[in-house]
$ cat run_23.cif   # mmCIF, C-alpha atoms and all ligand atoms
data_final
loop_
_atom_site.label_atom_id
_atom_site.label_comp_id
_atom_site.auth_asym_id
_atom_site.auth_seq_id
_atom_site.Cartn_x
_atom_site.Cartn_y
_atom_site.Cartn_z
CA MET A 11 13.80 -22.20 17.32
CA ALA A 12 14.67 -23.00 20.89
CA THR A 13 12.23 -25.36 22.60
CA GLU A 14 9.13 -23.60 23.81
CA LEU A 15 7.98 -24.15 27.39
CA GLN A 16 4.45 -25.47 27.71
CA PHE A 17 3.56 -23.84 31.05
CA PRO A 18 4.38 -20.37 32.38
CA PRO A 19 7.68 -20.64 34.27
CA GLU A 20 8.07 -19.67 37.95
CA GLY A 21 7.08 -16.03 38.54
CA ALA A 22 5.20 -15.58 35.25
CA ALA A 23 1.50 -14.70 35.17
CA ASP A 24 -1.09 -16.96 33.52
CA ASP A 25 -0.67 -14.95 30.31
CA TRP A 26 3.11 -15.60 30.54
CA THR A 27 3.97 -11.98 31.26
CA ILE A 28 6.72 -11.13 33.76
CA PRO A 29 7.86 -7.76 35.14
CA GLN A 30 10.58 -6.08 33.03
CA ASP A 31 12.40 -5.01 36.22
CA TRP A 32 13.99 -2.14 34.31
CA GLN A 33 15.95 -0.91 37.35
CA ARG A 34 17.91 -4.22 37.39
CA TYR A 35 19.70 -3.64 34.09
CA THR A 36 23.43 -3.14 34.53
CA ALA A 37 25.55 -0.43 32.89
CA ALA A 38 27.02 -3.15 30.65
CA GLU A 39 23.54 -4.18 29.47
CA HIS A 40 22.59 -0.55 28.75
CA GLY A 41 25.94 -0.25 26.98
CA MET A 42 25.16 -3.27 24.80
CA TRP A 43 21.82 -1.72 23.82
CA ASP A 44 23.54 1.61 22.97
CA HIS A 45 26.19 -0.18 20.90
CA LEU A 46 23.61 -2.16 18.89
CA PHE A 47 21.35 0.90 18.54
CA ALA A 48 24.16 3.19 17.33
CA ARG A 49 25.28 0.61 14.76
CA GLN A 50 21.79 0.23 13.28
CA ALA A 51 20.83 3.92 13.54
CA ALA A 52 23.96 4.78 11.51
CA MET A 53 23.31 2.34 8.69
CA LEU A 54 19.51 2.13 8.36
CA PRO A 55 18.56 5.62 7.08
CA GLY A 56 17.90 5.32 3.33
CA ARG A 57 17.79 1.54 3.64
CA VAL A 58 14.84 1.10 5.99
CA VAL A 59 11.27 2.22 5.26
CA PRO A 60 11.04 5.86 6.50
CA GLU A 61 8.08 5.07 8.82
CA PHE A 62 10.46 2.90 10.87
CA MET A 63 12.69 5.91 11.66
CA ASP A 64 9.55 7.98 12.42
CA GLY A 65 8.55 5.34 14.96
CA LEU A 66 11.98 5.38 16.60
CA ASP A 67 11.72 9.14 17.03
CA MET A 68 8.09 9.21 18.15
CA LEU A 69 8.75 6.56 20.79
CA ARG A 70 11.87 8.41 22.01
CA MET A 71 13.91 5.26 21.45
CA THR A 72 16.73 7.49 20.37
CA LYS A 73 17.50 8.28 24.03
CA PRO A 74 20.32 6.19 25.52
CA GLY A 75 19.82 2.94 27.40
CA ILE A 76 17.40 0.05 27.33
CA PRO A 77 13.83 1.38 26.96
CA ASP A 78 11.51 1.12 29.96
CA PHE A 79 8.42 -0.80 28.72
CA ASP A 80 6.07 1.32 30.88
CA GLU A 81 7.30 4.54 29.23
CA LEU A 82 7.28 2.93 25.79
CA SER A 83 3.75 1.56 26.26
CA GLU A 84 2.44 4.94 27.42
CA ARG A 85 3.55 6.57 24.13
CA LEU A 86 2.60 3.59 22.00
CA MET A 87 -0.87 3.39 23.58
CA LYS A 88 -1.51 7.02 22.60
CA ALA A 89 -0.38 6.37 19.02
CA THR A 90 -2.03 3.06 18.16
CA GLY A 91 -3.34 1.40 21.33
CA TRP A 92 -0.45 -1.05 21.53
CA GLN A 93 1.68 -1.85 24.56
CA VAL A 94 4.88 -3.82 25.12
CA VAL A 95 4.90 -6.56 27.76
CA ALA A 96 7.83 -8.69 28.96
CA VAL A 97 7.83 -12.49 28.66
CA PRO A 98 10.50 -15.05 29.61
CA GLY A 99 11.15 -16.10 25.99
CA LEU A 100 9.25 -17.83 23.17
CA VAL A 101 5.68 -18.47 24.28
CA PRO A 102 3.25 -21.05 22.84
CA ASP A 103 1.64 -19.93 19.57
CA ARG A 104 -1.82 -19.54 21.14
CA VAL A 105 -0.47 -17.29 23.90
CA PHE A 106 1.41 -15.29 21.28
CA PHE A 107 -1.65 -14.79 19.09
CA GLU A 108 -3.82 -13.92 22.08
CA HIS A 109 -1.49 -11.07 23.04
CA LEU A 110 -1.23 -9.73 19.48
CA ALA A 111 -5.03 -9.88 19.05
CA ASN A 112 -5.24 -7.62 22.14
CA ARG A 113 -2.52 -5.20 20.93
CA ARG A 114 0.08 -6.41 23.37
CA PHE A 115 3.52 -7.08 21.85
CA VAL A 116 5.44 -9.70 23.85
CA ALA A 117 9.14 -8.91 24.19
CA GLY A 118 12.09 -10.62 25.81
CA ARG A 119 13.67 -8.58 28.64
CA PHE A 120 17.19 -10.07 28.38
CA ILE A 121 19.87 -8.60 26.12
CA ARG A 122 22.50 -10.58 24.20
CA THR A 123 26.05 -10.93 25.53
CA PRO A 124 29.12 -9.73 23.57
CA GLU A 125 29.72 -13.33 22.45
CA GLN A 126 26.23 -13.42 20.92
CA ILE A 127 26.50 -10.02 19.29
CA ASP A 128 25.72 -11.16 15.78
CA TYR A 129 23.65 -14.25 16.22
CA LEU A 130 21.49 -15.64 18.94
CA GLN A 131 18.92 -18.39 18.86
CA GLU A 132 16.15 -16.67 20.84
CA PRO A 133 14.92 -13.14 20.15
CA ASP A 134 16.40 -10.78 22.77
CA ILE A 135 15.12 -7.33 23.76
CA PHE A 136 17.04 -5.67 20.94
CA HIS A 137 15.43 -7.88 18.30
CA ASP A 138 11.97 -7.56 19.85
CA VAL A 139 11.96 -3.88 20.82
CA PHE A 140 14.28 -2.21 18.31
CA GLY A 141 13.17 -4.58 15.53
CA HIS A 142 9.43 -4.88 16.08
CA VAL A 143 8.18 -1.92 18.15
CA PRO A 144 8.85 1.20 16.01
CA LEU A 145 6.40 0.10 13.29
CA LEU A 146 3.73 -0.59 15.91
CA ALA A 147 3.46 3.20 16.07
CA HIS A 148 2.35 3.15 12.42
CA PRO A 149 -1.47 2.88 12.38
CA VAL A 150 -1.76 0.58 9.36
CA PHE A 151 1.03 -1.77 10.45
CA ALA A 152 -0.44 -1.73 13.98
CA ASP A 153 -3.76 -2.90 12.47
CA TYR A 154 -1.94 -5.59 10.50
CA MET A 155 -0.26 -6.99 13.60
CA GLN A 156 -3.59 -7.19 15.43
CA ALA A 157 -5.24 -8.80 12.38
CA TYR A 158 -2.37 -11.29 12.34
CA GLY A 159 -3.04 -12.18 15.98
CA GLU A 160 -6.77 -12.66 15.30
CA GLY A 161 -5.94 -14.71 12.22
CA GLY A 162 -3.59 -16.82 14.31
CA LEU A 163 -6.33 -17.68 16.81
CA ARG A 164 -8.57 -18.74 13.91
CA ALA A 165 -5.75 -20.64 12.19
CA ASP A 166 -5.06 -22.48 15.45
CA GLY A 167 -8.60 -23.84 15.25
CA MET A 168 -7.97 -25.04 11.68
CA GLY A 169 -4.54 -26.55 12.20
CA ALA A 170 -3.08 -23.96 9.83
CA ILE A 171 -0.58 -22.27 12.13
CA ASP A 172 2.43 -23.18 10.03
CA ARG A 173 0.81 -21.48 6.99
CA LEU A 174 0.39 -18.32 9.02
CA ALA A 175 3.87 -18.64 10.52
CA ARG A 176 5.23 -18.36 6.94
CA LEU A 177 3.22 -15.16 6.43
CA TYR A 178 4.66 -13.76 9.67
CA TRP A 179 8.17 -14.86 8.77
CA TYR A 180 8.21 -13.32 5.30
CA THR A 181 6.52 -10.05 6.33
CA VAL A 182 6.89 -9.09 10.00
CA GLU A 183 10.31 -10.75 10.40
CA PHE A 184 11.96 -10.58 6.96
CA GLY A 185 9.78 -8.34 4.80
CA LEU A 186 10.85 -5.79 2.19
CA ILE A 187 8.57 -3.01 0.96
CA ARG A 188 8.36 -1.27 -2.44
CA HIS A 189 9.59 2.33 -2.52
CA GLU A 190 10.11 4.84 -5.30
CA ASP A 191 13.87 4.38 -5.18
CA GLY A 192 13.82 0.58 -4.86
CA PRO A 193 12.81 -1.94 -2.16
CA LYS A 194 13.36 -0.93 1.49
CA LEU A 195 13.67 -2.97 4.69
CA TYR A 196 10.91 -3.27 7.28
CA GLY A 197 11.14 -6.86 8.72
CA ALA A 198 12.28 -6.90 12.37
CA GLY A 199 14.67 -9.82 11.89
CA ILE A 200 16.47 -7.81 9.21
CA VAL A 201 16.49 -4.29 10.73
CA SER A 202 17.80 -5.60 14.07
CA SER A 203 20.71 -7.33 12.31
CA TYR A 204 23.61 -5.31 10.90
CA ALA A 205 24.78 -7.99 8.45
CA GLU A 206 21.33 -9.00 7.23
CA SER A 207 20.35 -5.34 6.74
CA LEU A 208 23.15 -5.26 4.15
CA PHE A 209 22.57 -8.74 2.73
CA ALA A 210 18.80 -8.49 2.27
CA LEU A 211 19.06 -5.34 0.15
CA ASP A 212 22.49 -5.29 -1.52
CA ASP A 213 23.69 -8.88 -1.91
CA ALA A 214 23.17 -10.51 -5.35
CA SER A 215 22.62 -13.87 -3.67
CA PRO A 216 18.98 -13.90 -2.48
CA ASN A 217 15.84 -13.67 -4.60
CA ARG A 218 13.62 -10.62 -4.19
CA ILE A 219 10.07 -11.46 -5.24
CA GLY A 220 6.78 -9.51 -5.25
CA PHE A 221 4.48 -10.44 -2.33
CA ASP A 222 1.80 -13.02 -3.19
CA LEU A 223 -0.14 -14.36 -0.21
CA GLU A 224 -0.87 -17.87 -1.50
CA ARG A 225 2.59 -18.43 -2.97
CA LEU A 226 4.20 -17.23 0.22
CA MET A 227 2.13 -19.58 2.38
CA ARG A 228 3.55 -22.50 0.40
CA THR A 229 7.14 -21.29 0.70
CA LYS A 230 9.58 -22.79 3.21
CA TYR A 231 11.87 -20.49 5.19
CA ARG A 232 15.29 -20.63 6.90
CA ILE A 233 15.55 -20.25 10.67
CA ASP A 234 19.30 -20.85 10.83
CA ASP A 235 20.72 -18.38 8.32
CA TYR A 236 19.92 -15.47 6.01
CA GLN A 237 16.80 -15.96 3.88
CA GLN A 238 17.32 -17.19 0.31
CA SER A 239 14.21 -15.32 -0.83
CA TYR A 240 12.75 -12.03 0.41
CA PHE A 241 9.25 -10.87 -0.49
CA VAL A 242 8.40 -7.27 -1.39
CA ILE A 243 4.99 -5.86 -0.40
CA ASP A 244 3.54 -2.94 -2.36
CA SER A 245 2.52 -1.07 0.81
CA PHE A 246 1.40 -1.68 4.40
CA GLU A 247 -2.12 -0.76 3.24
CA ASP A 248 -2.02 -3.50 0.61
CA LEU A 249 -0.67 -6.05 3.10
CA LEU A 250 -3.43 -5.19 5.59
CA ARG A 251 -6.14 -5.26 2.88
CA GLN A 252 -5.05 -8.70 1.67
CA THR A 253 -5.02 -10.02 5.23
CA VAL A 254 -8.38 -8.69 6.37
CA GLU A 255 -10.15 -9.27 3.06
CA THR A 256 -8.99 -12.84 2.56
CA ASP A 257 -11.23 -15.60 3.80
CA PHE A 258 -8.48 -17.88 5.06
CA ALA A 259 -10.59 -21.01 5.48
CA PRO A 260 -10.98 -21.71 1.73
CA LEU A 261 -7.40 -20.51 1.21
CA TYR A 262 -6.09 -23.09 3.69
CA ALA A 263 -8.37 -25.73 2.17
CA GLY A 264 -7.02 -24.92 -1.29
CA LEU A 265 -3.46 -25.24 0.00
CA GLU A 266 -4.13 -28.72 1.44
CA GLY A 267 -1.80 -31.19 -0.20
CA SER A 268 -0.10 -28.48 -2.30
CA GLU A 269 3.64 -28.92 -2.77
CA ASP A 270 5.86 -26.73 -0.58
CA ILE A 271 8.03 -24.30 -2.53
CA GLU A 272 11.76 -24.49 -1.83
CA VAL A 273 13.48 -21.45 -0.29
CA GLU A 274 15.51 -20.69 -3.42
CA ALA A 275 12.78 -21.35 -6.03
CA ILE A 276 11.47 -18.78 -8.53
CA LEU A 277 8.11 -19.63 -10.14
CA PRO A 278 7.03 -18.66 -13.67
CA ASP A 279 4.45 -16.11 -12.51
CA ASP A 280 6.58 -14.57 -9.72
CA ARG A 281 7.05 -10.80 -9.96
CA VAL A 282 10.85 -10.91 -9.85
CA TYR A 283 12.68 -7.83 -8.52
CA HIS A 284 15.95 -9.74 -8.41
CA HIS A 285 16.76 -13.30 -9.49
CA GLY A 286 19.35 -14.30 -6.86
CA THR A 287 22.58 -16.14 -7.62
CA GLN A 288 22.29 -18.12 -4.32
CA ASP A 289 26.09 -17.87 -4.13
CA TYR A 290 25.98 -17.22 -0.38
CA ALA A 291 23.87 -20.30 0.41
CA ARG A 292 25.90 -22.52 -1.93
CA ALA A 293 29.18 -21.38 -0.39
CA LYS A 294 27.82 -22.07 3.09
CA LYS A 295 26.69 -25.58 2.05
CA ILE A 296 30.12 -26.36 0.59
CA ALA A 297 31.83 -24.99 3.69
CA ALA A 298 29.56 -27.01 6.00
N1 LIG B 301 6.87 -16.05 21.21
N2 LIG B 301 7.90 -14.46 22.57
C1 LIG B 301 7.55 -14.89 21.31
N3 LIG B 301 7.92 -14.18 20.23
C2 LIG B 301 7.60 -14.59 18.97
O1 LIG B 301 7.93 -13.93 17.99
C3 LIG B 301 6.88 -15.80 18.81
C4 LIG B 301 6.52 -16.50 19.97
N4 LIG B 301 5.83 -17.66 19.85
C5 LIG B 301 5.39 -18.20 18.58
C6 LIG B 301 5.85 -17.40 17.42
N5 LIG B 301 6.54 -16.26 17.56
C7 LIG B 301 5.58 -17.88 16.01
O2 LIG B 301 5.78 -19.27 16.00
C8 LIG B 301 4.15 -17.59 15.56
O3 LIG B 301 4.22 -16.47 14.72
C9 LIG B 301 3.60 -18.70 14.74
FE FE B 302 10.68 -11.31 15.91
#
$ encode --input "run_23.cif" --output "structure tokens"
Amino acid sequence: MATELQFPPEGAADDWTIPQDWQRYTAAEHGMWDHLFARQAAMLPGRVVPEFMDGLDMLRMTKPGIPDFDELSERLMKATGWQVVAVPGLVPDRVFFEHLANRRFVAGRFIRTPEQIDYLQEPDIFHDVFGHVPLLAHPVFADYMQAYGEGGLRADGMGAIDRLARLYWYTVEFGLIRHEDGPKLYGAGIVSSYAESLFALDDASPNRIGFDLERLMRTKYRIDDYQQSYFVIDSFEDLLRQTVETDFAPLYAGLEGSEDIEVEAILPDDRVYHHGTQDYARAKKIAA
């Protein structure tokens, strides 16, 4: 991850928010949004959890151009009490959790350039808004995101942020969900990426393992490339129940000193949907 600033930059409020300045976007920037949107909208149906497409429709994200956060927040507020606010980039964990705990999703306002079309270090507005916002219109997922924020504030007090960051990474960013005709995508990092939307579901390389909170909190993750393991939740209801019903303090205590699990590992009591070949990661290592 790019280095996080420690103090709000020039022009940002104390809570790190900045104006979106929607009227400043150029035709080229709107065009970039439309290009990325059209590419994902064409390939996601049938691959992404249906509630994601419902959210796109309900929030009128199907209309052309970069969404105006005020319009988006008005609709989102009616649906689940969430709003979208602009920030300059990655914000300190505590600031991030504080916003989520108050149903404010922090989003970048910049959009990637043509050179960055398939990979960029920092989340841009397409990752944050197309990837994360549609499911915030889903009541149960909206509750999960707020519970995550509240859990983050508590974890901060217990020095357990990196445990919780793994939960975020393997659900909100790179999660798969069980569906009658096989696992579907819902993680924002996947659905906002054309190539990873294919890789995460179709490629024989990565593991696909049933969600297990404790196991997942011990599992390392990749920030520089596709994941080598993806975790499949049974439902958003189950994910929310496990999060709000778990007393995290004893869970963190129990994890103290436990060995981290490598990204490619499969454990004896994993519920294995797919035992990956890891061909992709091995080929990358050889090429490196
Ligand atoms: N800041 N703007 C922004 N977006 C994020 O997704 C984000 C962040 N700060 C911290 C963070 N994510 C994660 O490290 C936490 O989930 C732990
Ligand atoms: Fe994200």
$ residues_near_ligand --input "run_23.cif" --ligand "ligand LIG 301 (chain B)" --cutoff "7 Å" --atoms "all atoms listed in the file" --output "list in words"
Val97, Gly99, Leu100, Val101, Pro102, Asp103, Phe106, Val116, Ala117, Gly118, Ile171, Asp172, Leu174, Ala175 and Tyr178 of chain A
$ atom_distance --input "run_23.cif" --atom1 "CA of Leu163 in chain A" --atom2 "CA of Glu108 in chain A"
6.9 Å
$ atom_distance --input "run_23.cif" --atom1 "CA of Ala198 in chain A" --atom2 "atom FE of ligand FE 302 (chain B)"
5.9 Å
$ closest_residue --input "run_23.cif" --among "A:His109, A:His142, A:Arg176, A:Arg119" --to "Pro29 in chain A" --atoms "all atoms listed in the file"
A:Arg119
$ closest_atom_pairs --input "run_23.cif" --of "chain A" --to "ligand FE 302 (chain B)" --cutoff "8 Å" --atoms "only C-alpha atoms and all ligand atoms" --output "tab-separated table"
residue	atom	partner	partner_atom	distance
A:Pro133	CA	B:FE302	FE	6.3
A:His137	CA	B:FE302	FE	6.3
A:Asp138	CA	B:FE302	FE	5.6
A:Gly141	CA	B:FE302	FE	7.2
A:His142	CA	B:FE302	FE	6.6
A:Val182	CA	B:FE302	FE	7.4
A:Glu183	CA	B:FE302	FE	5.6
A:Ala198	CA	B:FE302	FE	5.9
A:Gly199	CA	B:FE302	FE	5.9
$ atom_distance --input "run_23.cif" --atom1 "CA of Glu81 in chain A" --atom2 "CA of Ile28 in chain A"
16.3 Å
$ closest_residue --input "run_23.cif" --among "A:Leu145, A:Ala214, A:Val105, A:Val59" --to "Asp25 in chain A" --atoms "only C-alpha atoms"
A:Val105
$ residues_near_point --input "run_23.cif" --point "(12.9, 1.3, 5.7)" --cutoff "9 Å" --atoms "all atoms listed in the file" --output "number ranges by chain"
A: 54-63, 186-187, 189, 193-197, 201
$ write_last_selection --input "run_23.cif" --atoms "C-alpha atoms" --output "short mmCIF file (atom, residue, chain, number, x, y, z; two decimals), keeping the file's coordinate frame"
data_model
loop_
_atom_site.label_atom_id
_atom_site.label_comp_id
_atom_site.auth_asym_id
_atom_site.auth_seq_id
_atom_site.Cartn_x
_atom_site.Cartn_y
_atom_site.Cartn_z
CA LEU A 54 19.51 2.13 8.36
CA PRO A 55 18.56 5.62 7.08
CA GLY A 56 17.90 5.32 3.33
CA ARG A 57 17.79 1.54 3.64
CA VAL A 58 14.84 1.10 5.99
CA VAL A 59 11.27 2.22 5.26
CA PRO A 60 11.04 5.86 6.50
CA GLU A 61 8.08 5.07 8.82
CA PHE A 62 10.46 2.90 10.87
CA MET A 63 12.69 5.91 11.66
CA LEU A 186 10.85 -5.79 2.19
CA ILE A 187 8.57 -3.01 0.96
CA HIS A 189 9.59 2.33 -2.52
CA PRO A 193 12.81 -1.94 -2.16
CA LYS A 194 13.36 -0.93 1.49
CA LEU A 195 13.67 -2.97 4.69
CA TYR A 196 10.91 -3.27 7.28
CA GLY A 197 11.14 -6.86 8.72
CA VAL A 201 16.49 -4.29 10.73
#
$ closest_atom_pairs --input "run_23.cif" --of "range 76-174 of chain A" --to "range 33-46 of chain A" --cutoff "9 Å" --atoms "only C-alpha atoms" --output "JSON lines"
{"residue": "A:Ile76", "atom": "CA", "partner": "A:His40", "partner_atom": "CA", "distance": 5.4}
{"residue": "A:Asp78", "atom": "CA", "partner": "A:Gln33", "partner_atom": "CA", "distance": 8.9}
{"residue": "A:Phe120", "atom": "CA", "partner": "A:Glu39", "partner_atom": "CA", "distance": 8.7}
{"residue": "A:Ile121", "atom": "CA", "partner": "A:Glu39", "partner_atom": "CA", "distance": 6.7}
{"residue": "A:Arg122", "atom": "CA", "partner": "A:Met42", "partner_atom": "CA", "distance": 7.8}
{"residue": "A:Thr123", "atom": "CA", "partner": "A:Met42", "partner_atom": "CA", "distance": 7.7}
{"residue": "A:Pro124", "atom": "CA", "partner": "A:Met42", "partner_atom": "CA", "distance": 7.7}
{"residue": "A:Ile127", "atom": "CA", "partner": "A:Leu46", "partner_atom": "CA", "distance": 8.4}
{"residue": "A:Ile135", "atom": "CA", "partner": "A:Trp43", "partner_atom": "CA", "distance": 8.7}
{"residue": "A:Phe136", "atom": "CA", "partner": "A:Trp43", "partner_atom": "CA", "distance": 6.8}
$ closest_atom_pairs --input "run_23.cif" --of "range 120-205 of chain A" --to "range 262-281 of chain A" --cutoff "10 Å" --atoms "all atoms listed in the file" --output "CSV"
residue,atom,partner,partner_atom,distance
A:Ala165,CA,A:Tyr262,CA,8.9
A:Met168,CA,A:Tyr262,CA,8.4
A:Gly169,CA,A:Tyr262,CA,9.3
A:Ala170,CA,A:Tyr262,CA,6.9
A:Arg173,CA,A:Tyr262,CA,7.8
A:Leu174,CA,A:Tyr262,CA,9.7
